[in-house]
Each structure stands twice: as structure tokens, then as C-alpha cells.
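Everything below belongs to target11.cif, which stores mmCIF, C-alpha atoms.
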data_entry
#
loop_
_atom_site.label_atom_id
_atom_site.label_comp_id
_atom_site.auth_asym_id
_atom_site.auth_seq_id
_atom_site.Cartn_x
_atom_site.Cartn_y
_atom_site.Cartn_z
CA MET Y 876 -17.25 30.90 -14.53
CA LYS Y 877 -14.59 32.84 -12.60
CA ALA Y 878 -17.24 35.11 -11.12
CA SER Y 879 -19.30 32.15 -9.87
CA SER Y 880 -16.20 30.47 -8.40
CA ARG Y 881 -15.20 33.67 -6.63
CA GLY Y 882 -18.74 34.10 -5.39
CA ALA Y 883 -18.81 30.56 -4.00
CA ALA Y 884 -15.40 31.08 -2.38
CA TRP Y 885 -16.55 34.35 -0.84
CA LEU Y 886 -19.74 32.73 0.48
CA ILE Y 887 -17.88 29.75 2.00
CA VAL Y 888 -15.40 32.06 3.72
CA ARG Y 889 -18.21 34.26 5.02
CA LEU Y 890 -20.13 31.26 6.34
CA ARG Y 891 -17.08 29.34 7.60
CA TRP Y 892 -18.21 29.27 11.23
CA PRO Y 893 -21.83 28.23 10.52
CA ILE Y 894 -20.49 25.55 8.14
CA LEU Y 895 -18.10 24.28 10.82
CA LEU Y 896 -20.85 24.21 13.44
CA GLY Y 897 -23.15 22.48 10.95
CA TRP Y 898 -20.63 19.67 10.39
CA ILE Y 899 -20.16 19.25 14.13
CA ALA Y 900 -23.94 19.06 14.59
CA ALA Y 901 -24.25 16.56 11.72
CA THR Y 902 -21.52 14.41 13.27
CA VAL Y 903 -23.17 14.37 16.69
CA ALA Y 904 -26.60 13.67 15.16
CA GLY Y 905 -25.18 10.83 13.05
CA VAL Y 906 -23.50 9.17 16.03
CA VAL Y 907 -26.63 9.49 18.17
CA TYR Y 908 -29.38 8.63 15.68
CA LEU Y 909 -27.88 6.61 12.83
CA PRO Y 910 -26.85 2.91 13.08
CA SER Y 911 -23.24 1.79 13.06
CA LEU Y 912 -21.81 -0.68 10.56
CA GLN Y 913 -22.03 -3.43 13.19
CA ASP Y 914 -25.74 -2.70 13.66
CA ALA Y 915 -26.48 -2.47 9.93
CA GLY Y 916 -24.83 -5.66 8.72
CA ASP Y 917 -23.56 -8.99 9.93
CA GLU Y 918 -21.92 -10.29 6.79
CA THR Y 919 -18.26 -11.16 6.97
CA SER Y 920 -17.58 -11.04 3.25
CA LEU Y 921 -17.81 -8.48 0.48
CA VAL Y 922 -20.23 -10.94 -1.14
CA GLY Y 923 -22.79 -9.13 0.99
CA LEU Y 924 -22.59 -6.22 -1.45
CA VAL Y 925 -23.77 -8.36 -4.36
CA PRO Y 926 -27.31 -7.28 -5.36
CA LYS Y 927 -29.94 -9.64 -4.04
CA ASP Y 928 -31.53 -9.90 -7.49
CA ALA Y 929 -28.25 -11.16 -9.01
CA GLU Y 930 -28.59 -14.37 -11.00
CA SER Y 931 -26.12 -16.23 -8.78
CA ILE Y 932 -28.09 -15.31 -5.65
CA GLU Y 933 -31.36 -16.38 -7.27
CA THR Y 934 -29.79 -19.70 -8.29
CA GLY Y 935 -28.64 -20.32 -4.72
CA LEU Y 936 -32.10 -19.55 -3.32
CA ARG Y 937 -33.71 -21.80 -5.92
CA SER Y 938 -31.33 -24.60 -4.98
CA ALA Y 939 -32.30 -24.21 -1.32
CA GLU Y 940 -35.99 -24.49 -2.27
CA LEU Y 941 -35.56 -27.62 -4.39
CA PHE Y 942 -33.18 -29.60 -2.18
CA ASP Y 943 -33.62 -30.37 1.51
CA VAL Y 944 -29.85 -30.63 1.82
CA PRO Y 945 -27.63 -27.96 0.19
CA VAL Y 946 -25.52 -29.23 -2.69
CA ILE Y 947 -22.39 -27.37 -1.55
CA THR Y 948 -20.71 -26.86 1.79
CA HIS Y 949 -18.15 -24.39 3.08
CA THR Y 950 -17.22 -26.02 6.39
CA HIS Y 951 -15.08 -29.13 6.83
CA VAL Y 952 -13.65 -31.03 9.80
CA VAL Y 953 -10.26 -32.54 9.02
CA GLN Y 954 -8.59 -35.52 10.70
CA ARG Y 955 -5.19 -36.85 9.67
CA ASN Y 956 -2.53 -39.26 10.80
CA PRO Y 957 0.29 -39.88 8.29
CA ASN Y 958 0.70 -43.35 9.79
CA GLY Y 959 -2.97 -44.13 9.26
CA LEU Y 960 -6.14 -43.50 11.27
CA SER Y 961 -7.13 -46.31 13.59
CA PRO Y 962 -10.07 -48.56 12.64
CA ALA Y 963 -11.98 -47.24 15.65
CA ALA Y 964 -11.47 -43.65 14.50
CA GLY Y 965 -12.73 -44.58 11.03
CA ARG Y 966 -15.87 -46.14 12.48
CA ARG Y 967 -16.51 -43.06 14.61
CA VAL Y 968 -16.27 -40.85 11.51
CA ALA Y 969 -19.15 -42.79 9.93
CA ARG Y 970 -21.21 -43.05 13.12
CA ARG Y 971 -21.11 -39.34 13.94
CA ALA Y 972 -22.05 -38.44 10.36
CA LYS Y 973 -25.03 -40.79 10.52
CA ARG Y 974 -26.06 -39.30 13.87
CA ILE Y 975 -26.10 -35.82 12.35
CA ALA Y 976 -27.90 -36.97 9.19
CA ASP Y 977 -30.59 -38.69 11.29
CA ARG Y 978 -31.03 -35.48 13.35
CA GLN Y 979 -30.33 -37.34 16.59
CA ASP Y 980 -28.41 -34.50 18.24
CA PRO Y 981 -30.75 -31.65 19.31
CA GLU Y 982 -27.76 -29.41 20.04
CA LEU Y 983 -26.60 -29.62 16.42
CA ARG Y 984 -29.91 -29.84 14.57
CA GLU Y 985 -29.02 -26.81 12.47
CA ILE Y 986 -26.41 -28.98 10.73
CA ARG Y 987 -28.55 -30.39 7.96
CA PHE Y 988 -26.22 -33.16 6.83
CA ALA Y 989 -22.73 -34.55 7.38
CA LEU Y 990 -20.81 -36.32 4.63
CA PRO Y 991 -17.67 -38.24 5.70
CA LEU Y 992 -14.92 -38.98 3.22
CA LEU Y 993 -11.85 -41.15 3.88
CA ASN Y 994 -8.95 -41.53 1.49
CA ALA Y 995 -9.29 -45.29 1.27
CA ARG Y 996 -7.93 -46.72 -1.97
CA GLY Y 997 -11.13 -48.52 -2.76
CA LEU Y 998 -13.11 -45.30 -2.39
CA ILE Y 999 -10.63 -42.85 -3.93
CA PRO Y 1000 -8.54 -44.74 -6.50
CA GLY Y 1001 -6.22 -41.78 -7.14
CA SER Y 1002 -5.22 -41.40 -3.50
CA ARG Y 1003 -1.49 -41.85 -2.87
CA GLU Y 1004 -2.18 -42.74 0.77
CA ASN Y 1005 -4.57 -45.16 2.38
CA GLY Y 1006 -6.67 -44.38 5.44
CA THR Y 1007 -4.60 -41.43 6.62
CA THR Y 1008 -7.15 -38.62 6.25
CA ALA Y 1009 -10.82 -38.18 6.99
CA ILE Y 1010 -12.82 -35.08 6.03
CA THR Y 1011 -16.36 -34.55 7.29
CA TYR Y 1012 -18.31 -32.06 5.17
CA LEU Y 1013 -21.00 -30.24 7.15
CA PHE Y 1014 -24.01 -28.83 5.31
CA PHE Y 1015 -26.17 -25.91 6.45
CA ASP Y 1016 -29.22 -24.08 5.20
CA PRO Y 1017 -27.72 -20.63 4.39
CA SER Y 1018 -31.14 -18.98 4.62
CA GLN Y 1019 -31.46 -20.05 8.27
CA THR Y 1020 -27.86 -20.20 9.51
CA ASP Y 1021 -25.51 -17.25 9.06
CA LEU Y 1022 -21.75 -17.51 8.73
CA ASP Y 1023 -20.99 -16.91 12.40
CA ASP Y 1024 -23.42 -19.65 13.45
CA GLN Y 1025 -21.96 -22.06 10.87
CA GLN Y 1026 -18.51 -21.43 12.29
CA GLU Y 1027 -19.71 -21.94 15.85
CA LEU Y 1028 -21.66 -25.14 15.05
CA THR Y 1029 -18.71 -26.61 13.17
CA ALA Y 1030 -16.38 -25.91 16.08
CA ARG Y 1031 -18.93 -27.38 18.49
CA PHE Y 1032 -19.24 -30.51 16.33
CA ALA Y 1033 -15.47 -30.99 16.33
CA GLU Y 1034 -15.18 -30.38 20.08
CA LYS Y 1035 -18.04 -32.72 20.93
CA TYR Y 1036 -17.41 -35.63 18.59
CA VAL Y 1037 -13.76 -35.52 17.45
CA ARG Y 1038 -12.36 -35.60 20.96
CA PHE Y 1039 -10.52 -38.91 21.21
CA ARG Y 1040 -6.77 -38.96 20.96
CA ASP Y 1041 -6.70 -41.37 18.02
CA ASP Y 1042 -9.16 -39.15 16.10
CA ASN Y 1043 -6.14 -36.97 15.24
CA LEU Y 1044 -8.15 -33.80 14.75
CA VAL Y 1045 -6.29 -31.26 12.59
CA GLY Y 1046 -8.95 -28.58 12.76
CA ILE Y 1047 -11.83 -27.06 10.87
CA THR Y 1048 -11.45 -25.45 7.47
CA GLY Y 1049 -13.40 -24.25 4.45
CA ALA Y 1050 -14.56 -20.93 3.07
CA VAL Y 1051 -16.64 -19.99 6.13
CA PRO Y 1052 -13.93 -20.55 8.78
CA ALA Y 1053 -11.46 -18.80 6.47
CA ARG Y 1054 -13.69 -15.75 6.18
CA ILE Y 1055 -14.29 -15.62 9.92
CA GLU Y 1056 -10.55 -15.90 10.62
CA GLU Y 1057 -9.82 -13.27 7.97
CA TRP Y 1058 -12.17 -10.84 9.68
CA ARG Y 1059 -10.67 -11.60 13.09
CA GLN Y 1060 -7.21 -10.79 11.78
CA ILE Y 1061 -8.52 -7.58 10.20
CA GLU Y 1062 -10.29 -6.62 13.41
CA LYS Y 1063 -7.16 -7.37 15.42
CA GLY Y 1064 -4.77 -5.41 13.22
CA LEU Y 1065 -7.04 -2.55 12.12
CA PRO Y 1066 -6.58 -0.30 15.21
CA LEU Y 1067 -2.79 -0.55 15.06
CA VAL Y 1068 -2.66 0.06 11.31
CA THR Y 1069 -5.05 3.01 11.64
CA LEU Y 1070 -3.03 4.59 14.44
CA ALA Y 1071 0.21 4.09 12.52
CA THR Y 1072 -1.33 5.71 9.43
CA ILE Y 1073 -2.60 8.66 11.45
CA ALA Y 1074 0.81 9.12 13.08
CA LEU Y 1075 2.52 8.99 9.67
CA ILE Y 1076 0.09 11.56 8.22
CA ALA Y 1077 0.64 13.86 11.19
CA LEU Y 1078 4.43 13.51 10.92
CA VAL Y 1079 4.60 14.11 7.17
CA LEU Y 1080 2.23 17.09 7.21
CA GLY Y 1081 3.89 18.59 10.28
CA ILE Y 1082 7.35 18.39 8.68
CA HIS Y 1083 6.18 19.55 5.26
CA PHE Y 1084 4.19 22.57 6.46
CA ARG Y 1085 6.38 23.13 9.52
CA SER Y 1086 3.33 23.60 11.70
CA PRO Y 1087 1.35 21.48 14.18
CA ILE Y 1088 -1.86 23.11 12.96
CA ALA Y 1089 -1.77 21.51 9.49
CA PRO Y 1090 -1.86 17.88 10.70
CA LEU Y 1091 -4.35 18.79 13.43
CA VAL Y 1092 -6.80 20.32 10.93
CA THR Y 1093 -6.35 17.38 8.54
CA LEU Y 1094 -6.92 14.71 11.19
CA LEU Y 1095 -9.92 16.54 12.65
CA ALA Y 1096 -11.45 16.69 9.18
CA ALA Y 1097 -10.68 12.99 8.69
CA GLY Y 1098 -12.30 12.16 12.03
CA VAL Y 1099 -15.46 14.05 11.13
CA ALA Y 1100 -15.52 12.41 7.68
CA TYR Y 1101 -15.08 8.97 9.26
CA LEU Y 1102 -17.94 9.35 11.72
CA VAL Y 1103 -20.33 10.87 9.18
CA ALA Y 1104 -19.44 8.45 6.36
CA MET Y 1105 -19.63 5.28 8.46
CA ARG Y 1106 -23.02 6.16 9.90
CA THR Y 1107 -24.36 7.36 6.55
CA VAL Y 1108 -23.26 4.20 4.76
CA ALA Y 1109 -24.85 2.06 7.47
CA PHE Y 1110 -28.10 4.06 7.28
CA ILE Y 1111 -28.29 3.86 3.49
CA GLY Y 1112 -27.54 0.13 3.66
CA SER Y 1113 -30.42 -0.40 6.12
CA TRP Y 1114 -32.72 1.79 4.03
CA LEU Y 1115 -31.94 -0.14 0.83
CA ASP Y 1116 -32.00 -3.48 2.70
CA VAL Y 1117 -28.38 -4.16 1.75
CA SER Y 1118 -26.22 -6.00 4.27
CA ILE Y 1119 -22.96 -4.09 4.78
CA PRO Y 1120 -20.06 -6.55 5.18
CA ARG Y 1121 -17.57 -6.11 7.97
CA GLU Y 1122 -14.73 -6.07 5.45
CA ALA Y 1123 -16.05 -2.74 4.15
CA GLU Y 1124 -14.79 -0.89 7.25
CA PRO Y 1125 -11.03 -1.05 6.53
CA ILE Y 1126 -11.71 -0.13 2.89
CA LEU Y 1127 -13.72 2.92 3.97
CA ILE Y 1128 -11.04 3.95 6.45
CA VAL Y 1129 -8.33 3.79 3.77
CA LEU Y 1130 -10.45 5.75 1.30
CA LEU Y 1131 -11.42 8.41 3.84
CA LEU Y 1132 -7.89 8.94 5.12
CA GLY Y 1133 -6.54 9.10 1.56
CA VAL Y 1134 -9.18 11.46 0.19
CA VAL Y 1135 -9.22 13.82 3.18
CA THR Y 1136 -5.42 13.96 3.35
CA ASP Y 1137 -5.11 14.67 -0.40
CA TYR Y 1138 -7.64 17.48 -0.38
CA ALA Y 1139 -6.23 18.91 2.85
CA ILE Y 1140 -2.80 19.11 1.21
CA PHE Y 1141 -4.30 20.79 -1.89
CA PHE Y 1142 -6.16 23.40 0.16
CA LEU Y 1143 -3.29 24.05 2.56
CA HIS Y 1144 -0.88 24.49 -0.35
CA GLY Y 1145 -3.32 26.88 -2.01
CA LEU Y 1146 -3.72 28.86 1.19
CA ARG Y 1147 0.04 29.10 1.68
CA GLU Y 1148 0.59 30.29 -1.90
CA ARG Y 1149 -2.06 32.98 -1.53
CA LEU Y 1150 -0.63 34.13 1.77
CA VAL Y 1151 2.76 34.44 0.08
CA ASP Y 1152 1.18 36.40 -2.79
CA LEU Y 1153 -0.61 38.66 -0.32
CA ALA Y 1154 2.62 39.31 1.59
CA ARG Y 1155 4.43 40.22 -1.64
CA ASP Y 1156 1.64 42.33 -3.12
CA PRO Y 1157 -1.18 43.27 -0.71
CA GLY Y 1158 -3.12 44.85 -3.55
CA ALA Y 1159 -3.03 41.84 -5.88
CA PRO Y 1160 -6.50 41.27 -7.40
CA GLY Y 1161 -8.35 38.17 -6.27
CA VAL Y 1162 -6.06 37.44 -3.34
CA ARG Y 1163 -8.37 38.86 -0.70
CA VAL Y 1164 -11.41 37.27 -2.31
CA ALA Y 1165 -9.74 33.84 -2.28
CA LEU Y 1166 -8.74 34.25 1.35
#

Could you write out this structure as C-alpha cells?
Amino acid sequence: MKASSRGAAWLIVRLRWPILLGWIAATVAGVVYLPSLQDAGDETSLVGLVPKDAESIETGLRSAELFDVPVITHTHVVQRNPNGLSPAAGRRVARRAKRIADRQDPELREIRFALPLLNARGLIPGSRENGTTAITYLFFDPSQTDLDDQQELTARFAEKYVRFRDDNLVGITGAVPARIEEWRQIEKGLPLVTLATIALIALVLGIHFRSPIAPLVTLLAAGVAYLVAMRTVAFIGSWLDVSIPREAEPILIVLLLGVVTDYAIFFLHGLRERLVDLARDPGAPGVRVAL
């Protein structure tokens, strides 16, 4: 076992420059020829990693086949006035829902159905308020309308129809707008968090090893790993017909920075120990082979 390890170490050291050039070539080829995560997937949730033959996915597809209107919705338009919505606003809530249900608006035909709900005591006996809140549930066909389009259509519906002052629009909510907003916040903060992490890694390694070379080597290795891994994951996802969610990117960045930094520290520590051993005893067996 020791002989094979020493042989592998000797071979890697001998071929260090071809190996380095090979990784550079692989990185350039990956960036040029392989798709990016944005090209390979448009999902905004890690649900996109669920196998397409999962029972829950099959149930959802079966539901879409059996019912013209989906039985669940993830987008809602909320109106609220603690002093009570005006009678005119209440009538508009019902009229706009009927207009959508009758498919009378060509601009919003992808909204399959709109269900209005007001907290009137006669309708919702348990409500502690009366006529203060109206929620319009918008239904989409998930096989034809992706999450980004659902978000856009819901916002367009609110802008077009809930525009009067006494409508008291609060905003749009639901799982889909929440996921879109979550991704926007991730996308907004990811560059700053990544740069701060890189700066912290460089500072810690530079202080610990007392050399600017150690953090430089580590961050270069992390950069190569990032480019190769991102493109490879996107390619494999396209090959297997698996949609890669956007939320996978920050997870991959954290994993890559952590793994590359850990192994860089291990190898740099090992190299420093062997250099110390070589300085103390130039004839020590195995030191030259390891180096």
C-alpha cells in the first residue's frame, strides 16, 4: 500500500505541469462548450431536484389531466382595510374574478381561474372582522406556466384591476411570489457574501502560513473548481433532463469553497512539515519522494 501511494505521489509530482495545463484546458473548454446553470434550468426552488417519477409529481400531473382548473394555487392578491372595504371595492373583487373565469381578458388568458374570498361574517362564520379583507386566489396550469410567468401575471393582474384607491391593495403573496423574492434576495446578496468569504479565506490563510502564495494557490484552485463544477453540473442536468434550480448555486459555492479550502490547508500543512523534515535531515527516507 505504501509503495503504491509513493508511486502515485511520485507520478503526480512528475506530471505536475501537464496536470496543471490539463485543468486549465478543461476549465476553458467547460466555459466555452458546456451550458451554465442559468441555461440548464429555470426552476427557482430546490423542488426542481425531485425526481420526475416521484409519486407526488405523478399525482400533480394526474390532477392537471383530470381537472381543467388546478385544485391548488400558490399566488394570491390581498386587499385590506381595517375600517372595512367599500361596497364598490367588494363588487369589483367579484367582477374581476368573473372576468378572468370567463376568459374575457386576452392579456391574462393564462390565468385559468380566479377565486375571490371576502371575510364577510355570513361567508366565514369564524371571522373576527367583517368585510375588511379580500383575497383573490389565482389558478394556473403548472405544465404551461412556469413560476416566473405566474409571478408576472399575478403582478399584472393586480396592477391592471386592483388600481383604485379604495381597493386598498396590500400586495401579492403565496408560495410562488415568496420563492421568486427569495431568489432575488439570494441573487442580490450572493456576490457580496462570496467576496467576503474569499477575503476571509485569503486573510486567514495568509496570516496562518505567513505567505501570500498560500491564499493565492487556494483561491485559484477554488476558482477552477467553481468553473468546472458549475458547468459540469449544468451539463449533467441537461443530459439527465433534470432542471437545476437557481437555489443550487449558493449551495455549490459554499461546498466548493469549503472543500477546496480544507484540502488546500491539509496539503499545505503536509508540504510545510516535509520541508521542515528535509531541512532537519536531508537524507530522511521518503521525504524526497513525497516532495

- Which of Y:Arg1031, Y:Arg1040, Y:His1144, Y:Arg1003 sits closest to Y:Leu1080 [using all atoms listed in the file]: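 Once distances to Y:Leu1080 are computed over all atoms listed in the file, the minimum belongs to Y:His1144.
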
- Item | Point-to-point distance in Å for atom CA of Y:Ser880 and atom CA of Y:Phe1142 |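 Going from atom CA of Y:Phe1142 over to atom CA of Y:Ser880, I get 15.0 Å.
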
- Query: If you count all atoms listed in the file, which residues fall within 9 Å of stretch 964-970 of chain Y, apart from same-chain ones fewer than 5 positions away, as a PyMOL selection string?
  - Reply: chain Y and resi 975+990-993+1006+1009-1011+1036-1037+1039+1041-1043

- Hey, can you check how far atom CA of Y:Thr1136 sits from atom CA of Y:Thr1093? 6.3 Å

- Message: Take the PyMOL selection byres ((chain Y and resi 1023) around 12), run it mentally on this structure, and tell me the resulting residues as a list in words.
- Response: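 That expression, the PyMOL selection byres ((chain Y and resi 1023) around 12), corresponds here to Asp917, Glu918, Thr919, Ser920, Thr950, Phe1015, Pro1017, Gln1019, Thr1020, Asp1021, Leu1022, Asp1024, Gln1025, Gln1026, Glu1027, Leu1028, Thr1029, Ala1030, Val1051, Pro1052, Ala1053, Arg1054, Ile1055, Glu1056, Trp1058 and Arg1059 of chain Y.
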
- Considering all atoms listed in the file, state which residue in the set Y:Gly1049, Y:Pro962, Y:Pro1066, Y:Gly905 is at the smallest distance from Y:Glu1124.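 For Y:Glu1124, the nearest of the given residues is Y:Pro1066.
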
- Mind pulling up the distance from atom CA of Y:Leu1091 to atom CA of Y:Trp898? 16.6 Å

- Message: Here's the selection I'm unsure about, the PyMOL selection byres ((chain Y and resi 1072) around 12); applied to the file above, which residues does it give, as a PyMOL selection string?
- Response: chain Y and resi 1065-1071+1073-1079+1094+1097+1128-1129+1131-1133+1136

Written selection (C-alpha atoms) as a short mmCIF file (atom, residue, chain, number, x, y, z; two decimals), in the frame of the given file:
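Here's the written file result.cif:
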data_model
loop_
_atom_site.label_atom_id
_atom_site.label_comp_id
_atom_site.auth_asym_id
_atom_site.auth_seq_id
_atom_site.Cartn_x
_atom_site.Cartn_y
_atom_site.Cartn_z
CA LEU Y 1065 -7.04 -2.55 12.12
CA PRO Y 1066 -6.58 -0.30 15.21
CA LEU Y 1067 -2.79 -0.55 15.06
CA VAL Y 1068 -2.66 0.06 11.31
CA THR Y 1069 -5.05 3.01 11.64
CA LEU Y 1070 -3.03 4.59 14.44
CA ALA Y 1071 0.21 4.09 12.52
CA ILE Y 1073 -2.60 8.66 11.45
CA ALA Y 1074 0.81 9.12 13.08
CA LEU Y 1075 2.52 8.99 9.67
CA ILE Y 1076 0.09 11.56 8.22
CA ALA Y 1077 0.64 13.86 11.19
CA LEU Y 1078 4.43 13.51 10.92
CA VAL Y 1079 4.60 14.11 7.17
CA LEU Y 1094 -6.92 14.71 11.19
CA ALA Y 1097 -10.68 12.99 8.69
CA ILE Y 1128 -11.04 3.95 6.45
CA VAL Y 1129 -8.33 3.79 3.77
CA LEU Y 1131 -11.42 8.41 3.84
CA LEU Y 1132 -7.89 8.94 5.12
CA GLY Y 1133 -6.54 9.10 1.56
CA THR Y 1136 -5.42 13.96 3.35
#

- Apply the PyMOL selection byres ((chain Y and resi 1103) around 9) to the file shown and report the selected residues as a list of chain:residue names.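 Checking the PyMOL selection byres ((chain Y and resi 1103) around 9) against this file, the residues are Y:Trp898, Y:Ala901, Y:Thr902, Y:Val903, Y:Gly905, Y:Val906, Y:Gly1098, Y:Val1099, Y:Ala1100, Y:Tyr1101, Y:Leu1102, Y:Ala1104, Y:Met1105, Y:Arg1106, Y:Thr1107, Y:Val1108.
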
I need the chosen residues saved as a short mmCIF file (atom, residue, chain, number, x, y, z; two decimals), in the frame of the given file, with C-alpha atoms.
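Now in again-v7.cif:
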data_model
loop_
_atom_site.label_atom_id
_atom_site.label_comp_id
_atom_site.auth_asym_id
_atom_site.auth_seq_id
_atom_site.Cartn_x
_atom_site.Cartn_y
_atom_site.Cartn_z
CA TRP Y 898 -20.63 19.67 10.39
CA ALA Y 901 -24.25 16.56 11.72
CA THR Y 902 -21.52 14.41 13.27
CA VAL Y 903 -23.17 14.37 16.69
CA GLY Y 905 -25.18 10.83 13.05
CA VAL Y 906 -23.50 9.17 16.03
CA GLY Y 1098 -12.30 12.16 12.03
CA VAL Y 1099 -15.46 14.05 11.13
CA ALA Y 1100 -15.52 12.41 7.68
CA TYR Y 1101 -15.08 8.97 9.26
CA LEU Y 1102 -17.94 9.35 11.72
CA ALA Y 1104 -19.44 8.45 6.36
CA MET Y 1105 -19.63 5.28 8.46
CA ARG Y 1106 -23.02 6.16 9.90
CA THR Y 1107 -24.36 7.36 6.55
CA VAL Y 1108 -23.26 4.20 4.76
#

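Closest approach to Y:Gly959 among Y:Ala904, Y:Arg987, Y:Thr1008, Y:Ala972: Y:Thr1008, based on all atoms listed in the file.
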